[in-house]
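Asker: Handing you a structure now.
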Amino acid sequence: KRHKFWETQPVGQFKDVGNSNLPEGPIEPPTPLSEVKQEPYNLPGPYEWITCDMDTKEMCSEVYTLLANNYVEDDENMFRFNYSKEFLHWALRPPGYFRSWHIGVRVKTSKKLVAFITGVPARIRAKDAIVNMAEINFLCVHKKLRSKRLAPVMIKEVTRRVHLENIWQAAYTAGVVLPTPISTCQYWHRSLNPKKLIDVGFSRLGARMTMSRTIKLYKLPDSPVTPGFRKMELHDLPAVTRLLRDYLKQFIVAPDFDENDVEHWLLPKEDVVDSYLVESPETHDVTDFCSFYTLPSTILGNQNYSTLKAAYSYYNVSTRTPLLQLMNDALIVAKKKGYDVFNALDVMENETILKELKFGPGDGQLHYYLYNYRLNRALRPSELGLVLL
Ligand SMILES: CCCCCCCCCCCCCC(=O)CSCCNC(=O)CCNC(=O)[C@H](O)C(C)(C)COP(=O)(O)OP(=O)(O)OC[C@H]1O[C@@H](n2cnc3c(N)ncnc32)[C@H](O)[C@@H]1OP(=O)(O)O
Ligand SMILES: CCOC(=O)c1cnc2ccc(OC)cc2c1SCCC#N
């Protein structure tokens, strides 16, 4: 497959896969800031750039609506991600964020938002190197403007604006194969509301299974079973940061979270991110942690339901409570809160517990990418300690 744009970019190229003579690390050196293109890339005539300041309700609303109608759908067009306004506001304004990295394209006359791409700063460790990167996300071109090579312009523009902040690497994920994945992961799904998943056509009644037998199969207790299992609170910040930093050391690529990052990304925020921990009743030590984020999807073409309430496994650490029991408590809480499904990637240690907790493999893959950074071999999902939204 010809990748006319991606073959021009400083990313691992397919022709170089397996060539471990190439050095690990940055592919291209930084450009002197004076040499970075100062003005935005050219857009086709009717369109103009707009910096989407996500702290005005109007702008949050416009971005929400563009994504709600034009963002990612599964291959069978059964679902379309429906990130909420609160979620987008949270996802795009972490510590040290740059407004200039929230980039929109609108029609000059109507002012309609027709495309979007974002970056947020992140400190990512790759092996022993801690690298300041941009996490790129929410690339979206309106359905009516597809296949006009707008995406490469969006990508070059966000790259230019990231370079202006003296950052030269990026991390991103996609369901499509591009040059060149550093890892390819699998989504797994745990039914919490099997009747709804069958009704929308995602799941099918198993052979020799009745609906009541299926409901029974996925039944969960009413409350978590682990003594000391509770919601994370602000005063837990130092302990959770320590627990998470120690745990993430084992992975080849992982975020280098400090307390500020943990406060933003993991302190519970209603209908955005849920975090729980286990505080030992005897010692009051924080021994375990689990979290999931809330990403609903629009259900396309079903008479009875319009929205799927989905929880996505985020960061989990088990040092005393078995991971199986910890994740089961997360399922119990999610079910109690009315989620229809609990999704997880096979990253970190997740694949050791997925089958036993009655997750089923999805048919979609998620590819992880680094921009301007080479690893001399692709990683197994279990070597990856990074979850992007
Ligand atoms: C140092 C800082 C660096 C920062 C930047 C780092 C890099 C960040 C990279 C971005 C990371 C985003 C991560 C992220 O947001 C999470 S992945 C979600 C991406 N968004 C969607 O799938 C939403 C629905 N689809 C669309 O809106 C359009 O189909 C999009 C806009 C996806 C493509 O619009 P289009 O109208 O369908 O297509 P053309 O404009 O004609 O362009 C075709 C070219 O675009 C390449 N393409 C297609 N999908 C891509 C994708 N998901 N990543 C990268 N490239 C993608 C494609 O391979 C081809 O290039 P090639 O000819 O070389 O093959
Ligand atoms: C019921 C299981 O599937 C999903 O939860 C779901 C929901 N919405 C989507 C929207 C776009 C989409 O495009 C790939 C996939 C989904 C999926 S499956 C992959 C995400 C996970 N887990």
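Following the order of the structure tokens, chains are lettered A, B, ..., residues in each are numbered from 1, and ligands are numbered from 1.
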Residues within 9 Å of ligand 2 (only C-alpha atoms and all ligand atoms), as a short mmCIF file (atom, residue, chain, number, x, y, z; two decimals) with all heavy atoms, in the first residue's frame?
Answerer:
```
data_model
loop_
_atom_site.label_atom_id
_atom_site.label_comp_id
_atom_site.auth_asym_id
_atom_site.auth_seq_id
_atom_site.Cartn_x
_atom_site.Cartn_y
_atom_site.Cartn_z
N TYR A 71 -16.99 11.44 14.10
CA TYR A 71 -15.78 10.76 14.61
C TYR A 71 -15.85 9.25 14.36
O TYR A 71 -16.62 8.77 13.51
CB TYR A 71 -15.56 11.14 16.09
CG TYR A 71 -14.15 10.95 16.58
CD1 TYR A 71 -13.07 11.44 15.85
CD2 TYR A 71 -13.89 10.26 17.76
CE1 TYR A 71 -11.77 11.25 16.29
CE2 TYR A 71 -12.58 10.07 18.19
CZ TYR A 71 -11.53 10.57 17.45
OH TYR A 71 -10.24 10.37 17.88
N VAL A 72 -15.08 8.47 15.06
CA VAL A 72 -14.82 7.08 14.70
C VAL A 72 -16.06 6.18 14.85
O VAL A 72 -16.74 6.23 15.87
CB VAL A 72 -13.69 6.49 15.57
CG1 VAL A 72 -13.20 5.15 15.02
CG2 VAL A 72 -12.53 7.46 15.68
N GLU A 73 -16.28 5.38 13.83
CA GLU A 73 -17.32 4.34 13.85
C GLU A 73 -16.64 2.98 13.70
O GLU A 73 -15.56 2.87 13.13
CB GLU A 73 -18.31 4.54 12.70
CG GLU A 73 -19.09 5.83 12.77
CD GLU A 73 -19.97 6.09 11.55
OE1 GLU A 73 -20.21 5.13 10.77
OE2 GLU A 73 -20.40 7.26 11.39
N ASP A 74 -17.29 1.94 14.24
CA ASP A 74 -16.74 0.60 14.05
C ASP A 74 -16.98 0.18 12.61
O ASP A 74 -17.76 0.79 11.89
CB ASP A 74 -17.39 -0.38 15.03
CG ASP A 74 -18.87 -0.54 14.74
OD1 ASP A 74 -19.60 0.46 14.90
OD2 ASP A 74 -19.28 -1.61 14.28
N ASP A 75 -16.33 -0.91 12.21
CA ASP A 75 -16.38 -1.34 10.81
C ASP A 75 -17.79 -1.65 10.33
O ASP A 75 -18.08 -1.54 9.15
CB ASP A 75 -15.49 -2.57 10.60
CG ASP A 75 -14.02 -2.17 10.68
OD1 ASP A 75 -13.74 -0.95 10.64
OD2 ASP A 75 -13.16 -3.06 10.83
N GLU A 76 -18.68 -2.04 11.28
CA GLU A 76 -20.04 -2.37 10.87
C GLU A 76 -21.00 -1.19 11.06
O GLU A 76 -22.21 -1.34 10.95
CB GLU A 76 -20.55 -3.58 11.66
CG GLU A 76 -19.87 -4.90 11.24
CD GLU A 76 -19.94 -5.95 12.34
OE1 GLU A 76 -21.00 -6.08 12.97
OE2 GLU A 76 -18.91 -6.61 12.57
N ASN A 77 -20.42 -0.01 11.37
CA ASN A 77 -21.26 1.19 11.57
C ASN A 77 -22.39 0.93 12.54
O ASN A 77 -23.52 1.38 12.33
CB ASN A 77 -21.78 1.69 10.22
CG ASN A 77 -20.64 1.89 9.23
OD1 ASN A 77 -20.45 1.10 8.32
ND2 ASN A 77 -19.84 2.94 9.45
N MET A 78 -22.10 0.18 13.59
CA MET A 78 -23.07 -0.10 14.66
C MET A 78 -22.99 1.00 15.71
O MET A 78 -24.00 1.38 16.30
CB MET A 78 -22.73 -1.45 15.29
CG MET A 78 -23.75 -1.97 16.25
SD MET A 78 -23.21 -3.56 16.94
CE MET A 78 -23.23 -4.59 15.50
N PHE A 79 -21.77 1.53 15.93
CA PHE A 79 -21.52 2.52 16.98
C PHE A 79 -20.71 3.69 16.42
O PHE A 79 -19.93 3.53 15.48
CB PHE A 79 -20.70 1.90 18.11
CG PHE A 79 -21.28 0.69 18.76
CD1 PHE A 79 -20.62 -0.53 18.70
CD2 PHE A 79 -22.49 0.76 19.45
CE1 PHE A 79 -21.14 -1.65 19.31
CE2 PHE A 79 -23.02 -0.37 20.06
CZ PHE A 79 -22.33 -1.58 19.99
N ARG A 80 -20.84 4.88 17.05
CA ARG A 80 -19.93 6.00 16.81
C ARG A 80 -19.59 6.59 18.17
O ARG A 80 -20.51 6.85 18.97
CB ARG A 80 -20.56 7.04 15.89
CG ARG A 80 -19.63 8.22 15.58
CD ARG A 80 -20.10 9.07 14.40
NE ARG A 80 -21.45 9.55 14.56
CZ ARG A 80 -22.42 9.31 13.70
NH1 ARG A 80 -22.22 8.56 12.63
NH2 ARG A 80 -23.65 9.79 13.92
N PHE A 81 -18.30 6.78 18.42
CA PHE A 81 -17.89 7.34 19.71
C PHE A 81 -18.62 8.66 19.95
O PHE A 81 -18.81 9.45 19.02
CB PHE A 81 -16.38 7.59 19.75
CG PHE A 81 -15.55 6.35 19.87
CD1 PHE A 81 -14.44 6.16 19.05
CD2 PHE A 81 -15.86 5.36 20.80
CE1 PHE A 81 -13.66 5.00 19.16
CE2 PHE A 81 -15.09 4.21 20.91
CZ PHE A 81 -13.99 4.02 20.09
N ASN A 82 -19.03 8.87 21.19
CA ASN A 82 -19.78 10.06 21.54
C ASN A 82 -19.17 10.70 22.79
O ASN A 82 -19.78 10.78 23.84
CB ASN A 82 -21.26 9.70 21.79
CG ASN A 82 -22.12 10.91 22.10
OD1 ASN A 82 -22.98 10.86 22.97
ND2 ASN A 82 -21.87 12.01 21.40
N ALA A 174 -4.41 4.40 16.53
CA ALA A 174 -5.40 4.40 15.45
C ALA A 174 -5.86 2.97 15.18
O ALA A 174 -5.12 2.02 15.44
CB ALA A 174 -4.81 5.01 14.19
N GLY A 175 -7.04 2.86 14.67
CA GLY A 175 -7.55 1.55 14.28
C GLY A 175 -7.04 1.14 12.90
O GLY A 175 -7.14 -0.01 12.51
N GLN A 186 -5.43 -5.56 21.19
CA GLN A 186 -6.78 -6.09 20.94
C GLN A 186 -7.73 -5.50 21.97
O GLN A 186 -7.36 -5.40 23.15
CB GLN A 186 -6.72 -7.62 21.13
CG GLN A 186 -7.93 -8.36 20.64
CD GLN A 186 -7.80 -8.70 19.16
OE1 GLN A 186 -6.69 -8.94 18.69
NE2 GLN A 186 -8.91 -8.70 18.46
N TYR A 187 -8.93 -5.10 21.52
CA TYR A 187 -9.96 -4.70 22.47
C TYR A 187 -10.67 -5.95 22.98
O TYR A 187 -10.89 -6.88 22.21
CB TYR A 187 -10.99 -3.83 21.78
CG TYR A 187 -10.65 -2.37 21.73
CD1 TYR A 187 -10.41 -1.74 20.51
CD2 TYR A 187 -10.58 -1.61 22.89
CE1 TYR A 187 -10.11 -0.38 20.45
CE2 TYR A 187 -10.28 -0.25 22.84
CZ TYR A 187 -10.05 0.35 21.62
OH TYR A 187 -9.77 1.69 21.57
N TRP A 188 -11.04 -5.98 24.24
CA TRP A 188 -11.86 -7.04 24.84
C TRP A 188 -13.06 -6.38 25.51
O TRP A 188 -12.96 -5.24 25.99
CB TRP A 188 -11.06 -7.85 25.86
CG TRP A 188 -10.01 -8.74 25.22
CD1 TRP A 188 -8.87 -8.33 24.59
CD2 TRP A 188 -10.03 -10.17 25.15
NE1 TRP A 188 -8.16 -9.43 24.13
CE2 TRP A 188 -8.85 -10.57 24.47
CE3 TRP A 188 -10.91 -11.16 25.59
CZ2 TRP A 188 -8.54 -11.90 24.23
CZ3 TRP A 188 -10.59 -12.49 25.37
CH2 TRP A 188 -9.42 -12.85 24.68
N HIS A 189 -14.18 -7.09 25.48
CA HIS A 189 -15.42 -6.51 25.99
C HIS A 189 -16.04 -7.43 27.03
O HIS A 189 -16.16 -8.64 26.78
CB HIS A 189 -16.42 -6.33 24.84
CG HIS A 189 -15.82 -5.74 23.61
ND1 HIS A 189 -15.39 -4.43 23.57
CD2 HIS A 189 -15.52 -6.28 22.41
CE1 HIS A 189 -14.87 -4.19 22.37
NE2 HIS A 189 -14.94 -5.28 21.65
N ARG A 190 -16.48 -6.86 28.16
CA ARG A 190 -17.16 -7.65 29.19
C ARG A 190 -18.59 -7.13 29.29
O ARG A 190 -18.83 -5.99 29.73
CB ARG A 190 -16.43 -7.49 30.54
CG ARG A 190 -16.58 -8.66 31.49
CD ARG A 190 -17.94 -8.71 32.12
NE ARG A 190 -18.00 -9.79 33.12
CZ ARG A 190 -19.07 -10.14 33.80
NH1 ARG A 190 -20.21 -9.50 33.59
NH2 ARG A 190 -19.03 -11.12 34.67
N SER A 191 -19.54 -7.97 28.90
CA SER A 191 -20.95 -7.57 28.95
C SER A 191 -21.37 -7.30 30.38
O SER A 191 -21.07 -8.09 31.28
CB SER A 191 -21.83 -8.71 28.41
OG SER A 191 -21.66 -8.83 27.03
N LEU A 197 -26.92 -5.56 24.71
CA LEU A 197 -25.88 -5.83 23.70
C LEU A 197 -26.38 -6.79 22.64
O LEU A 197 -25.99 -6.70 21.47
CB LEU A 197 -24.61 -6.36 24.37
CG LEU A 197 -23.88 -5.36 25.27
CD1 LEU A 197 -22.60 -5.97 25.83
CD2 LEU A 197 -23.54 -4.09 24.51
N PHE A 202 -24.72 -6.36 18.87
CA PHE A 202 -23.28 -6.55 19.11
C PHE A 202 -23.01 -7.99 19.53
O PHE A 202 -22.08 -8.62 19.03
CB PHE A 202 -22.77 -5.59 20.19
CG PHE A 202 -21.32 -5.82 20.51
CD1 PHE A 202 -20.32 -5.34 19.69
CD2 PHE A 202 -20.97 -6.61 21.61
CE1 PHE A 202 -18.99 -5.60 19.96
CE2 PHE A 202 -19.64 -6.87 21.89
CZ PHE A 202 -18.64 -6.37 21.06
N SER A 203 -23.81 -8.48 20.50
CA SER A 203 -23.63 -9.86 20.97
C SER A 203 -24.76 -10.72 20.41
O SER A 203 -25.79 -10.21 19.98
CB SER A 203 -23.71 -9.92 22.51
OG SER A 203 -22.83 -8.97 23.05
N LEU A 295 -16.79 6.56 28.16
CA LEU A 295 -16.88 6.99 26.75
C LEU A 295 -18.13 6.34 26.15
O LEU A 295 -18.11 5.17 25.75
CB LEU A 295 -15.63 6.56 25.98
CG LEU A 295 -15.68 6.68 24.46
CD1 LEU A 295 -16.15 8.04 23.98
CD2 LEU A 295 -14.32 6.32 23.88
N PRO A 296 -19.24 7.08 26.13
CA PRO A 296 -20.45 6.53 25.52
C PRO A 296 -20.31 6.48 24.00
O PRO A 296 -19.45 7.15 23.43
CB PRO A 296 -21.54 7.51 25.94
CG PRO A 296 -20.86 8.74 26.39
CD PRO A 296 -19.43 8.43 26.66
N SER A 297 -21.16 5.69 23.41
CA SER A 297 -21.22 5.66 21.95
C SER A 297 -22.66 5.80 21.50
O SER A 297 -23.57 5.30 22.17
CB SER A 297 -20.66 4.35 21.39
OG SER A 297 -19.25 4.39 21.39
N THR A 298 -22.84 6.49 20.37
CA THR A 298 -24.16 6.52 19.74
C THR A 298 -24.39 5.17 19.09
O THR A 298 -23.47 4.63 18.45
CB THR A 298 -24.20 7.62 18.67
OG1 THR A 298 -23.87 8.87 19.30
CG2 THR A 298 -25.58 7.72 18.03
N ILE A 299 -25.57 4.61 19.30
CA ILE A 299 -25.94 3.36 18.65
C ILE A 299 -26.64 3.72 17.36
O ILE A 299 -27.64 4.46 17.36
CB ILE A 299 -26.86 2.51 19.56
CG1 ILE A 299 -26.13 2.15 20.86
CG2 ILE A 299 -27.32 1.25 18.83
CD1 ILE A 299 -27.02 1.50 21.90
N LEU A 308 -24.94 3.77 24.00
CA LEU A 308 -24.27 2.68 24.71
C LEU A 308 -23.42 3.31 25.80
O LEU A 308 -22.61 4.22 25.51
CB LEU A 308 -23.36 1.90 23.75
CG LEU A 308 -22.57 0.75 24.37
CD1 LEU A 308 -23.45 -0.48 24.48
CD2 LEU A 308 -21.33 0.46 23.57
N LYS A 309 -23.61 2.88 27.05
CA LYS A 309 -22.80 3.42 28.15
C LYS A 309 -21.62 2.48 28.36
O LYS A 309 -21.79 1.37 28.86
CB LYS A 309 -23.64 3.58 29.42
CG LYS A 309 -22.89 4.37 30.50
CD LYS A 309 -23.73 4.73 31.70
CE LYS A 309 -22.86 5.53 32.70
NZ LYS A 309 -23.56 5.85 33.95
N ALA A 310 -20.43 2.92 27.96
CA ALA A 310 -19.25 2.05 28.01
C ALA A 310 -18.18 2.61 28.96
O ALA A 310 -17.92 3.81 28.98
CB ALA A 310 -18.65 1.89 26.61
N ALA A 311 -17.59 1.70 29.74
CA ALA A 311 -16.45 2.02 30.61
C ALA A 311 -15.21 1.43 29.95
O ALA A 311 -15.27 0.33 29.39
CB ALA A 311 -16.66 1.42 31.99
N TYR A 312 -14.12 2.17 30.00
CA TYR A 312 -12.86 1.71 29.41
C TYR A 312 -11.79 1.61 30.48
O TYR A 312 -11.49 2.62 31.14
CB TYR A 312 -12.41 2.68 28.31
CG TYR A 312 -13.25 2.59 27.05
CD1 TYR A 312 -14.54 3.13 27.00
CD2 TYR A 312 -12.78 1.93 25.92
CE1 TYR A 312 -15.32 3.02 25.85
CE2 TYR A 312 -13.55 1.83 24.77
CZ TYR A 312 -14.82 2.37 24.75
OH TYR A 312 -15.59 2.25 23.61
N ASP A 340 -23.19 -0.45 30.33
CA ASP A 340 -23.66 -1.61 29.55
C ASP A 340 -22.54 -2.58 29.26
O ASP A 340 -22.76 -3.78 29.06
CB ASP A 340 -24.23 -1.13 28.20
CG ASP A 340 -25.41 -0.18 28.38
OD1 ASP A 340 -26.25 -0.45 29.25
OD2 ASP A 340 -25.48 0.84 27.67
N VAL A 341 -21.31 -2.04 29.17
CA VAL A 341 -20.16 -2.87 28.80
C VAL A 341 -18.91 -2.28 29.43
O VAL A 341 -18.83 -1.06 29.68
CB VAL A 341 -20.01 -2.93 27.25
CG1 VAL A 341 -19.69 -1.57 26.66
CG2 VAL A 341 -18.98 -3.98 26.84
N PHE A 342 -17.95 -3.14 29.75
CA PHE A 342 -16.65 -2.73 30.30
C PHE A 342 -15.62 -3.19 29.29
O PHE A 342 -15.48 -4.39 29.03
CB PHE A 342 -16.42 -3.38 31.67
CG PHE A 342 -15.27 -2.81 32.45
CD1 PHE A 342 -15.48 -1.88 33.46
CD2 PHE A 342 -13.96 -3.19 32.17
CE1 PHE A 342 -14.42 -1.36 34.20
CE2 PHE A 342 -12.89 -2.67 32.90
CZ PHE A 342 -13.13 -1.76 33.92
N ASN A 343 -14.91 -2.23 28.69
CA ASN A 343 -13.94 -2.56 27.63
C ASN A 343 -12.52 -2.48 28.18
O ASN A 343 -12.24 -1.67 29.07
CB ASN A 343 -14.08 -1.57 26.47
CG ASN A 343 -15.41 -1.71 25.79
OD1 ASN A 343 -15.93 -2.82 25.63
ND2 ASN A 343 -16.00 -0.60 25.36
N ALA A 344 -11.64 -3.31 27.65
CA ALA A 344 -10.24 -3.28 28.07
C ALA A 344 -9.35 -3.68 26.89
O ALA A 344 -9.73 -4.52 26.07
CB ALA A 344 -10.01 -4.24 29.23
N LEU A 345 -8.18 -3.06 26.82
CA LEU A 345 -7.16 -3.50 25.87
C LEU A 345 -6.32 -4.57 26.53
O LEU A 345 -6.26 -4.64 27.76
CB LEU A 345 -6.27 -2.30 25.49
CG LEU A 345 -6.94 -1.26 24.59
CD1 LEU A 345 -6.17 0.05 24.63
CD2 LEU A 345 -7.07 -1.77 23.16
N GLY A 362 -12.71 -8.45 21.00
CA GLY A 362 -13.39 -7.64 19.99
C GLY A 362 -12.81 -7.95 18.62
O GLY A 362 -11.81 -8.66 18.51
N ASP A 363 -13.44 -7.42 17.56
CA ASP A 363 -12.86 -7.68 16.23
C ASP A 363 -12.02 -6.49 15.78
O ASP A 363 -11.47 -6.48 14.70
CB ASP A 363 -13.96 -8.02 15.21
CG ASP A 363 -15.03 -6.94 15.18
OD1 ASP A 363 -14.77 -5.85 15.74
OD2 ASP A 363 -16.12 -7.17 14.61
N GLY A 364 -11.91 -5.46 16.65
CA GLY A 364 -11.10 -4.30 16.26
C GLY A 364 -9.73 -4.37 16.91
O GLY A 364 -9.58 -4.90 18.00
N GLN A 365 -8.71 -3.86 16.21
CA GLN A 365 -7.38 -3.77 16.79
C GLN A 365 -7.06 -2.30 17.00
O GLN A 365 -7.61 -1.43 16.31
CB GLN A 365 -6.35 -4.39 15.84
CG GLN A 365 -6.48 -5.91 15.72
CD GLN A 365 -5.34 -6.52 14.93
OE1 GLN A 365 -5.01 -6.03 13.86
NE2 GLN A 365 -4.72 -7.55 15.48
N LEU A 366 -6.17 -2.04 17.95
CA LEU A 366 -5.72 -0.67 18.16
C LEU A 366 -4.20 -0.65 18.00
O LEU A 366 -3.49 -1.38 18.70
CB LEU A 366 -6.12 -0.17 19.55
CG LEU A 366 -5.89 1.32 19.75
CD1 LEU A 366 -6.85 2.15 18.89
CD2 LEU A 366 -6.02 1.70 21.21
#
```
Asker: Quick one: everything within 10 Å of Tyr41 in chain A, counting only C-alpha atoms, minus sequence neighbours fewer than 4 positions away in the same chain. Send it as number ranges by chain.
Answerer: A: 37, 49, 153-154, 156-158, 160
Asker: Output N, CA, C and O atoms for every residue in that selection, as a PDB file, in the first residue's frame.
Answerer:
```
ATOM      1  N   LYS A  37       8.596  26.578  10.431  1.00  0.00           N
ATOM      2  CA  LYS A  37       7.667  27.392   9.636  1.00  0.00           C
ATOM      3  C   LYS A  37       6.806  28.231  10.573  1.00  0.00           C
ATOM      4  O   LYS A  37       6.136  27.695  11.456  1.00  0.00           O
ATOM      5  N   TRP A  49      -8.174  28.241   9.455  1.00  0.00           N
ATOM      6  CA  TRP A  49      -7.813  27.636  10.743  1.00  0.00           C
ATOM      7  C   TRP A  49      -8.527  28.388  11.867  1.00  0.00           C
ATOM      8  O   TRP A  49      -8.772  29.583  11.766  1.00  0.00           O
ATOM      9  N   VAL A 153      -2.774  17.715   5.898  1.00  0.00           N
ATOM     10  CA  VAL A 153      -2.596  19.144   6.227  1.00  0.00           C
ATOM     11  C   VAL A 153      -2.820  19.370   7.721  1.00  0.00           C
ATOM     12  O   VAL A 153      -2.046  20.068   8.386  1.00  0.00           O
ATOM     13  N   MET A 154      -3.842  18.702   8.257  1.00  0.00           N
ATOM     14  CA  MET A 154      -4.127  18.800   9.706  1.00  0.00           C
ATOM     15  C   MET A 154      -2.918  18.300  10.500  1.00  0.00           C
ATOM     16  O   MET A 154      -2.493  18.905  11.488  1.00  0.00           O
ATOM     17  N   LYS A 156       0.255  17.996   9.499  1.00  0.00           N
ATOM     18  CA  LYS A 156       1.421  18.872   9.355  1.00  0.00           C
ATOM     19  C   LYS A 156       1.267  20.126  10.208  1.00  0.00           C
ATOM     20  O   LYS A 156       2.228  20.612  10.794  1.00  0.00           O
ATOM     21  N   GLU A 157       0.027  20.630  10.304  1.00  0.00           N
ATOM     22  CA  GLU A 157      -0.192  21.863  11.087  1.00  0.00           C
ATOM     23  C   GLU A 157      -0.004  21.603  12.581  1.00  0.00           C
ATOM     24  O   GLU A 157       0.636  22.393  13.286  1.00  0.00           O
ATOM     25  N   VAL A 158      -0.530  20.482  13.077  1.00  0.00           N
ATOM     26  CA  VAL A 158      -0.336  20.215  14.513  1.00  0.00           C
ATOM     27  C   VAL A 158       1.145  19.930  14.780  1.00  0.00           C
ATOM     28  O   VAL A 158       1.678  20.355  15.812  1.00  0.00           O
ATOM     29  N   ARG A 160       3.650  21.315  13.191  1.00  0.00           N
ATOM     30  CA  ARG A 160       4.311  22.621  13.188  1.00  0.00           C
ATOM     31  C   ARG A 160       4.119  23.337  14.529  1.00  0.00           C
ATOM     32  O   ARG A 160       5.074  23.862  15.115  1.00  0.00           O
TER      33      ARG A 160
END
```
Asker: Could you pull out the residues sitting within 7 Å of ligand 1, using only C-alpha atoms and all ligand atoms, and write them as number ranges by chain?
Answerer: A: 2-7, 70-73, 117, 134, 136-143, 145-152, 155-156, 158-159, 162-163, 167-176, 178, 371-372
Asker: Using only C-alpha atoms, which protein or nucleic acid residues come within 7 Å of Val273 in chain A? Drop anything in the same chain fewer than 4 positions from it, and give the result as a list in words.
Answerer: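 Answer for this query is Leu266, Pro268, Lys269, Phe292, Tyr293 and Thr294 of chain A.
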Asker: Could you save those same residues with N, CA and C atoms as a compact mmCIF listing (two decimals), in the first residue's frame?
Answerer:
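Contents of the output file out30.txt:
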```txt
# COMPACT_ATOMS: atom_id res chain seq x y z
N LEU A 266 -6.37 11.13 37.09
CA LEU A 266 -6.93 9.99 37.85
C LEU A 266 -7.82 10.36 39.03
N PRO A 268 -11.14 11.15 40.62
CA PRO A 268 -12.46 10.89 40.03
C PRO A 268 -13.17 12.17 39.57
N LYS A 269 -13.80 12.06 38.40
CA LYS A 269 -14.58 13.17 37.84
C LYS A 269 -15.85 12.53 37.29
N PHE A 292 -11.26 3.50 35.46
CA PHE A 292 -11.82 3.38 34.11
C PHE A 292 -12.36 4.74 33.68
N TYR A 293 -12.37 5.01 32.36
CA TYR A 293 -12.95 6.26 31.89
C TYR A 293 -14.27 5.97 31.17
N THR A 294 -15.11 7.00 31.08
CA THR A 294 -16.47 6.88 30.53
C THR A 294 -16.49 7.43 29.11
```
Asker: Contacts of Arg93 in chain A at 10 Å or less, counting only C-alpha atoms, minus same-chain residues fewer than 3 places along, as an mmCIF file with N, CA, C and O atoms, in the first residue's frame?
Answerer:
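File around14.cif, as written:
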```cif
data_model
loop_
_atom_site.group_PDB
_atom_site.id
_atom_site.type_symbol
_atom_site.label_atom_id
_atom_site.label_comp_id
_atom_site.auth_asym_id
_atom_site.auth_seq_id
_atom_site.Cartn_x
_atom_site.Cartn_y
_atom_site.Cartn_z
ATOM 1 N N ASP A 53 -10.490 27.176 21.603
ATOM 2 C CA ASP A 53 -10.289 27.359 23.030
ATOM 3 C C ASP A 53 -11.389 26.596 23.767
ATOM 4 O O ASP A 53 -12.543 26.995 23.744
ATOM 5 N N MET A 54 -11.008 25.478 24.387
ATOM 6 C CA MET A 54 -12.014 24.573 24.954
ATOM 7 C C MET A 54 -12.554 25.071 26.284
ATOM 8 O O MET A 54 -13.091 24.278 27.045
ATOM 9 N N ASP A 55 -12.397 26.367 26.588
ATOM 10 C CA ASP A 55 -13.018 26.790 27.856
ATOM 11 C C ASP A 55 -14.140 27.771 27.606
ATOM 12 O O ASP A 55 -14.592 28.458 28.507
ATOM 13 N N LEU A 88 -14.222 15.927 26.911
ATOM 14 C CA LEU A 88 -13.312 16.641 26.009
ATOM 15 C C LEU A 88 -12.588 17.760 26.751
ATOM 16 O O LEU A 88 -11.379 17.954 26.598
ATOM 17 N N HIS A 89 -13.329 18.473 27.599
ATOM 18 C CA HIS A 89 -12.733 19.562 28.385
ATOM 19 C C HIS A 89 -11.609 19.015 29.262
ATOM 20 O O HIS A 89 -10.532 19.602 29.379
ATOM 21 N N TRP A 90 -11.834 17.833 29.831
ATOM 22 C CA TRP A 90 -10.840 17.164 30.693
ATOM 23 C C TRP A 90 -9.660 16.638 29.866
ATOM 24 O O TRP A 90 -8.489 16.884 30.191
ATOM 25 N N GLY A 96 -0.033 21.954 31.794
ATOM 26 C CA GLY A 96 0.906 22.388 30.760
ATOM 27 C C GLY A 96 0.342 22.389 29.362
ATOM 28 O O GLY A 96 1.079 22.542 28.397
ATOM 29 N N TYR A 97 -1.007 22.264 29.237
ATOM 30 C CA TYR A 97 -1.576 22.180 27.877
ATOM 31 C C TYR A 97 -1.369 23.491 27.138
ATOM 32 O O TYR A 97 -1.195 24.555 27.739
ATOM 33 N N PHE A 98 -1.447 23.366 25.772
ATOM 34 C CA PHE A 98 -1.328 24.542 24.881
ATOM 35 C C PHE A 98 -2.623 24.713 24.097
ATOM 36 O O PHE A 98 -3.023 23.802 23.360
ATOM 37 N N ARG A 99 -3.254 25.867 24.225
ATOM 38 C CA ARG A 99 -4.479 26.127 23.447
ATOM 39 C C ARG A 99 -4.181 25.972 21.957
ATOM 40 O O ARG A 99 -5.003 25.460 21.201
ATOM 41 N N HIS A 102 -5.050 22.909 20.015
ATOM 42 C CA HIS A 102 -6.445 22.496 19.796
ATOM 43 C C HIS A 102 -6.878 23.185 18.505
ATOM 44 O O HIS A 102 -7.230 24.359 18.503
ATOM 45 N N GLY A 119 -3.501 18.129 20.240
ATOM 46 C CA GLY A 119 -2.339 17.567 20.924
ATOM 47 C C GLY A 119 -2.387 18.010 22.370
ATOM 48 O O GLY A 119 -2.920 19.086 22.673
ATOM 49 N N VAL A 120 -1.903 17.163 23.264
ATOM 50 C CA VAL A 120 -1.674 17.561 24.652
ATOM 51 C C VAL A 120 -0.270 17.089 25.037
ATOM 52 O O VAL A 120 0.204 16.067 24.520
ATOM 53 N N PRO A 121 0.421 17.837 25.881
ATOM 54 C CA PRO A 121 1.779 17.452 26.273
ATOM 55 C C PRO A 121 1.760 16.252 27.213
ATOM 56 O O PRO A 121 0.826 16.084 27.990
ATOM 57 N N HIS A 264 -4.718 15.289 37.745
ATOM 58 C CA HIS A 264 -5.597 15.601 36.598
ATOM 59 C C HIS A 264 -6.219 14.343 35.997
ATOM 60 O O HIS A 264 -7.422 14.252 35.791
#
```
